[in-house]
Every structure is written in C-alpha cells, then in structure tokens.
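Undergrad: Pasting a structure below so you can have a look.
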There are 2 protein chains.
Amino acid sequence: MQNLDSAFSALSDPTRRAILARLALGETTVMELARPFEMSQPAISRHLRVLENAGLILRRVEGSKHPCRLARQGLDEIDQWLEMLRTALENNYDRLDHLLAEMKSPNHLGGKDLSPGTPTYHPGDKDLSPGTPTSKEKNPHEQPDTED
Amino acid sequence: MQNLDSAFSALSDPTRRAILARLALGETTVMELARPFEMSQPAISRHLRVLENAGLILRRVEGSKHPCRLARQGLDEIDQWLEMLRTALENNYDRLDHLLAEMKSPNHLGGKDLSPGTPTYHPGDKDLSPGTPTSKEKNPHEQPDTED
DNA sequence: TCTTGACATAACAAAAGAGTTATATAACAA
DNA sequence: TTGTTATATAACTCTTTTGTTATGTCAAGA
C-alpha cells in the first residue's frame with residue numbers, strides 16, 4: 001500500500017512529529033501550529049498537507065480558520081504493519097540459526113514457546129512474504145512488497 | 001531523538017519494508033535479500049545500511065557472508081513514540097471542541113473517561129511534548145518536539 | 001597462487017524533499 | 001468597499017535520497 005510510504009515518510013520529519021505532538025494536546029489552527037517554529041507559514045502549511053495525505057490528521061474549515069486534529073487512519077495502518085515486526089521479534093523468527101538449532105534438538109516437536117494466541121509466522125511461510133519472493137515476471141519497475 | 005528520523009525514514013521505503021518482511025521470516029544474507037528485487041546489489045547494500053543505522057536490523061560477519069536479522073531497538077523507539085499518538089486518539093484529546101463541550105457540561109468535575117493509569121494531556125498545557133510531559137526549558141530556536 | 005563469490009564503497013545522475021518569497025483567495029472587520 | 005487575517009498555491013533553490021556502474025576487499029576453492 002502506497003499509503004504506508006506516505007505515513008512513515010510523514011513521521012520521519014521532526015517538525016511534523018512536533019506538530020502531531022501538539023495536536024495530541026488538542027485540535028488547533030494552522031497559525032497556532034506554526035507559531036512555535038521559526039519557519040514560514042507556507043512551510044507549515046505544506047507539512048500539514050503531508051500529514052493529511054498520510055492520513056495522520058484531518059482538517060475542517062471553520063470560517064477563515066482551518067482547525068486540524070489527529071486522525072487514526074494513518075496510525076492504524078502503520079500499527080498494523082509494525083505488528084508483523086513485533087511478532088517476528090517476540091518469537092525470535094529473526095534468528096534463523098536459533099530456529100535451526102531448535103529443529104535439530106530431540107524434542108523439536110513440542111514447538112517453541114509460542115503462546116497459542118499469537119499469530120504464527122513460520123519461516124518459510126509464503127504468506128508473510130515480501131510479495132512473491134520467487135516469481136517476478138512483470139513490470140520491470142515493480143518492487144515486491146508486503147503492502148500491495 | 002534524531003534516531004526517530006532515521007527509523008521512520010527507513011520504514012518509508014517499500015523496498016526496505018520488504019526487506020524487513022523477509023527478515024521476519026528469518027535471518028538471511030545480503031544476496032538472499034537482494035534476489036527478489038530487480039535492483040543492483042549495491043542498492044540493496046545501501047538499503048541495509050540505512051536499516052542498520054535506524055536500529056532496525058543487525059549484521060554479523062560469518063566468513064564471506066553477512067547475515068542480517070531484525071533488531072528491536074528501532075522498533076521499540078518507534079513504538080514508544082507512537083504510543084503518545086495512540087493515547088491521544090484513544091482519549092480524544094485530538095478533539096478540542098469535544099473537550100470544551102465537556103468542560104461546560106454540569107458534571108465536568110467527574111473528569112472524562114480517562115482511565116486513571118493513562119498519562120494526562122491537557123489541552124492548553126504549555127508543554128507540547130508528550131514524550132517528556134513535564135519539564136522542558138529549551139532554547140528559543142529549538143523545535144518543540146518529543147524526541148530531543 | 002589464481003579465481004570466484006559475497007559483499008562494501010565511491011562517484012555520479014536523476015528525483016524527491018524541505019524551505020523561501022511572492023501571490024492568490026476567502027472570511028472578517030471597519 | 002477596503003484593509004487585514006488566515007491559509008493555500010506557485011515558482012524556485014538547495015540538499016538528500018536512491019539507483020547505477022565501476023571497483024576494491026576478503027574468504028573460500030581449485
């Protein structure tokens with residue numbers, strides 16, 4: 001999903017993170033948001049557009065003011081994607097050597113310490129995939145990614 | 001923290017997210033990682049460096065191969081920062097109007113539905129940074145951001 | 001030792017990002 | 001109507017990012 005690009009990208013800028021932090025305190029206007037920064041108003045205006053495109057904020061028009069507030073869409077998408085990494089890290093799927101060692105152990109049948117509730121990512125599962133790691137016939141400029 | 005910049009920035013690229021998704025399946029080498037992409041090896045190599053600088057992966061040297069695996073540091077930092085947004089959204093701190101309406105209501109003393117454990121962000125609080133909610137006497141040209 | 005495989009690094013071009021000033025627009029106030 | 005405030009858009013510059021090719025290094029084999 002291309003939106004993950006814009007969401008993560010939006011968050012990669014400290015000014016924009018500061019804006020979000022301010023909005024976490026409550027809805028406010030563009031001028032209010034711009035004030036703490038030594039930056040022109042158009043610059044802030046564009047930062048807001050970036051955040052809006054990323055689904056991280058919402059704007060409404062109220063007379064001549066355009067109050068902004070946080071939106072959950074962008075955060076949700078990001079969180080959802082990150083969940084995959086969290087799971088992998090929690091279950092040490094990142095340590096292939098570790099897994100291999102375990103496979104070789106006499107009681108590998110018992111399975112690891114995977115709590116039964118957690119989604120199971122097996123190394124080798126096609127699904128988790130960065131796209132389709134193997135076949136790659138089409139569009140020379142497409143990248144295999146999780147989020148399509 | 002400047003590292004949030006690099007962490008979010010690292011995640012904003014689809015190729016790098018795909019690499020992370022692959023690593024979620026297990027530790028693997030650079031060539032392995034590069035294979036699914038129609039991209040030169042140096043390009044992948046640099047993506048890996050970006051991920052490493054962001055604290056999202058770790059590399060070790062094993063003979064002529066350099067297996068990579070996920071690291072939790074980067075993810076933890078990101079998660080920690082995002083927590084602020086989650087809290088704000090959960091508690092509707094983003095809706096100033098909503099809060100104001102509530103203040104005016106006869107029983108505003110009861111306080112909102114803030115669960116007692118949650119950090120309290122009051123709109124109007126001078127401190128914009130939910131990261132370090134209290135003290136923050138900074139130089140006039142610093143940007144009010146969570147991560148310093 | 002010579003060669004090959006698995007990387008890393010350097011140099012460079014193209015594209016994207018971030019900030020600036022100038023200017024347009026719409027709502028308000030006088 | 002006119003001036004002012006709040007904000008958006010445009011045009012432009014400077015810097016960073018991303019990918020490319022060329023090349024260097026180190027380990028493993030023959």
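Labeling convention for the structure tokens: chains A, B, ... as they appear, residues from 1 per chain, ligands from 1 in order of appearance.
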Please report, as a list in words, each residue of stretch 20-105 of chain A to which DSSP assigns strand (DSSP E) when run on this structure's backbone.
TA: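 Across stretch 20-105 of chain A, those assigned strand (DSSP E) are Ile57, Leu58, Arg59, Cys68, Arg69 and Leu70 of chain A.
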Undergrad: For the selection just defined, write its residues with N, CA and C atoms to a file, as a PDB file, in the first residue's frame.
TA:
ATOM      1  N   ILE A  57      -3.703  13.370   9.984  1.00  0.00           N
ATOM      2  CA  ILE A  57      -4.532  14.440  10.534  1.00  0.00           C
ATOM      3  C   ILE A  57      -5.760  14.674   9.648  1.00  0.00           C
ATOM      4  N   LEU A  58      -6.711  15.390  10.201  1.00  0.00           N
ATOM      5  CA  LEU A  58      -7.903  15.791   9.466  1.00  0.00           C
ATOM      6  C   LEU A  58      -8.041  17.295   9.605  1.00  0.00           C
ATOM      7  N   ARG A  59      -8.597  17.907   8.597  1.00  0.00           N
ATOM      8  CA  ARG A  59      -8.818  19.348   8.683  1.00  0.00           C
ATOM      9  C   ARG A  59     -10.266  19.657   8.385  1.00  0.00           C
ATOM     10  N   CYS A  68      -7.098  21.708  12.758  1.00  0.00           N
ATOM     11  CA  CYS A  68      -6.610  20.359  12.466  1.00  0.00           C
ATOM     12  C   CYS A  68      -6.737  19.497  13.697  1.00  0.00           C
ATOM     13  N   ARG A  69      -6.902  18.230  13.473  1.00  0.00           N
ATOM     14  CA  ARG A  69      -6.860  17.299  14.598  1.00  0.00           C
ATOM     15  C   ARG A  69      -6.271  15.978  14.126  1.00  0.00           C
ATOM     16  N   LEU A  70      -5.921  15.163  15.062  1.00  0.00           N
ATOM     17  CA  LEU A  70      -5.341  13.870  14.725  1.00  0.00           C
ATOM     18  C   LEU A  70      -6.370  12.974  14.040  1.00  0.00           C
TER      19      LEU A  70
END
Undergrad: Could you produce a table of the residues of chain D lying within 8 Å of chain B, with the nearest pair of atoms per residue and their separation in Å rounded to one decimal, using only C-alpha atoms (C1' of nucleotides), ordered by chain and increasing residue number, as CSV?
TA:
residue,atom,partner,partner_atom,distance
D:DT18,C1',B:Ala43,CA,7.9
D:DG19,C1',B:Ala43,CA,6.5
D:DT20,C1',B:Ser40,CA,7.8
D:DC26,C1',B:Ser64,CA,6.9
D:DA27,C1',B:Ser64,CA,5.1
Undergrad: Could you take the residues named above and write them with C-alpha atoms (C1' of nucleotides), as a PDB file, in the first residue's frame?
TA:
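Just written: out06.pdb:
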ATOM      1  C1'  DT D  18      18.001   6.408  -4.485  1.00  0.00           C
ATOM      2  C1'  DG D  19      19.610   3.903  -8.133  1.00  0.00           C
ATOM      3  C1'  DT D  20      23.599   2.926 -11.431  1.00  0.00           C
ATOM      4  C1'  DC D  26      38.146 -10.579   1.877  1.00  0.00           C
ATOM      5  C1'  DA D  27      37.106 -15.512   2.226  1.00  0.00           C
TER       6       DA D  27
END
Undergrad: Using only C-alpha atoms (C1' of nucleotides), which protein or nucleic acid residues come within 10 Å of D:DA22? Drop anything in the same chain fewer than 2 positions from it, and give the result as a ChimeraX atom specification.
TA: /C:10-11 /D:20,24
Undergrad: Sorted by chain and rising residue number, list the residues of chain C at most 7 Å from chain A (counting only C-alpha atoms (C1' of nucleotides)), each with its closest atom pair and distance in Å to one decimal, as a tab-separated table.
TA:
residue	atom	partner	partner_atom	distance
C:DG19	C1'	A:Ala43	CA	6.5
C:DA26	C1'	A:Ser64	CA	6.9
C:DA27	C1'	A:Ser64	CA	5.0
Undergrad: Excluding D:DT17 and any residue of its chain fewer than 5 positions from it, enumerate the residues within 10 Å of it, using only C-alpha atoms (C1' of nucleotides), and give them as a PyMOL selection string.
TA: chain C and resi 15-17
Undergrad: Need the shell around A:Glu32: protein/DNA/RNA residues with any atom at most 12 Å away, counting only C-alpha atoms (C1' of nucleotides). Skip same-chain ones fewer than 4 positions apart. Format as a list in words?
TA: Ile19, Arg22, Leu23, Gly26, Glu27, Thr28, Pro36, Phe37, Gln41, Ile44, Ser45, Lys65, His66, Pro67 and Cys68 of chain A; Gly124 and Leu128 of chain B; DA6 of chain D
Undergrad: Limited to C-alpha atoms (C1' of nucleotides), could you put the picked residues into a file as a tab-separated table (two decimals), in the first residue's frame?
TA:
chain	number	residue	atom	x	y	z
A	19	ILE	CA	3.01	19.10	15.00
A	22	ARG	CA	0.93	19.45	19.56
A	23	LEU	CA	-2.25	18.06	18.09
A	26	GLY	CA	-5.93	19.11	21.19
A	27	GLU	CA	-7.30	20.39	17.96
A	28	THR	CA	-5.85	23.69	16.83
A	36	PRO	CA	6.41	27.58	17.92
A	37	PHE	CA	8.52	27.10	14.82
A	41	GLN	CA	3.66	29.68	7.28
A	44	ILE	CA	3.89	24.56	7.93
A	45	SER	CA	1.02	24.55	5.51
A	65	LYS	CA	-9.69	29.09	10.22
A	66	HIS	CA	-8.86	25.53	9.43
A	67	PRO	CA	-8.56	23.59	12.64
A	68	CYS	CA	-6.61	20.36	12.47
B	124	GLY	CA	-3.55	24.22	26.91
B	128	LEU	CA	3.91	20.26	23.73
D	6	DA	C1'	-5.78	33.01	7.94
Undergrad: What is the distance between atom CA of A:Ser9 and atom CA of A:Thr29, in Å to one decimal?
TA: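 Those two atoms sit 22.8 Å apart.
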Undergrad: Could you state the separation of atom CA of A:Leu89 and atom CA of A:Leu75 in Å, given to one decimal place?
TA: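 We find that atom CA of A:Leu89 and atom CA of A:Leu75 lie 20.5 Å from each other.
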Undergrad: I need the residue nearest A:Gly74 from this list: A:Arg16, A:Ala10, A:Met31, A:Ala54. Use only C-alpha atoms for the distance.
TA: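 For A:Gly74, the nearest of the candidates is A:Ala54.
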Undergrad: Suppose you want the space between atom CA of B:Met84 and atom CA of B:Leu4; what is it in Å?
TA: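 So the answer is 13.8 Å.
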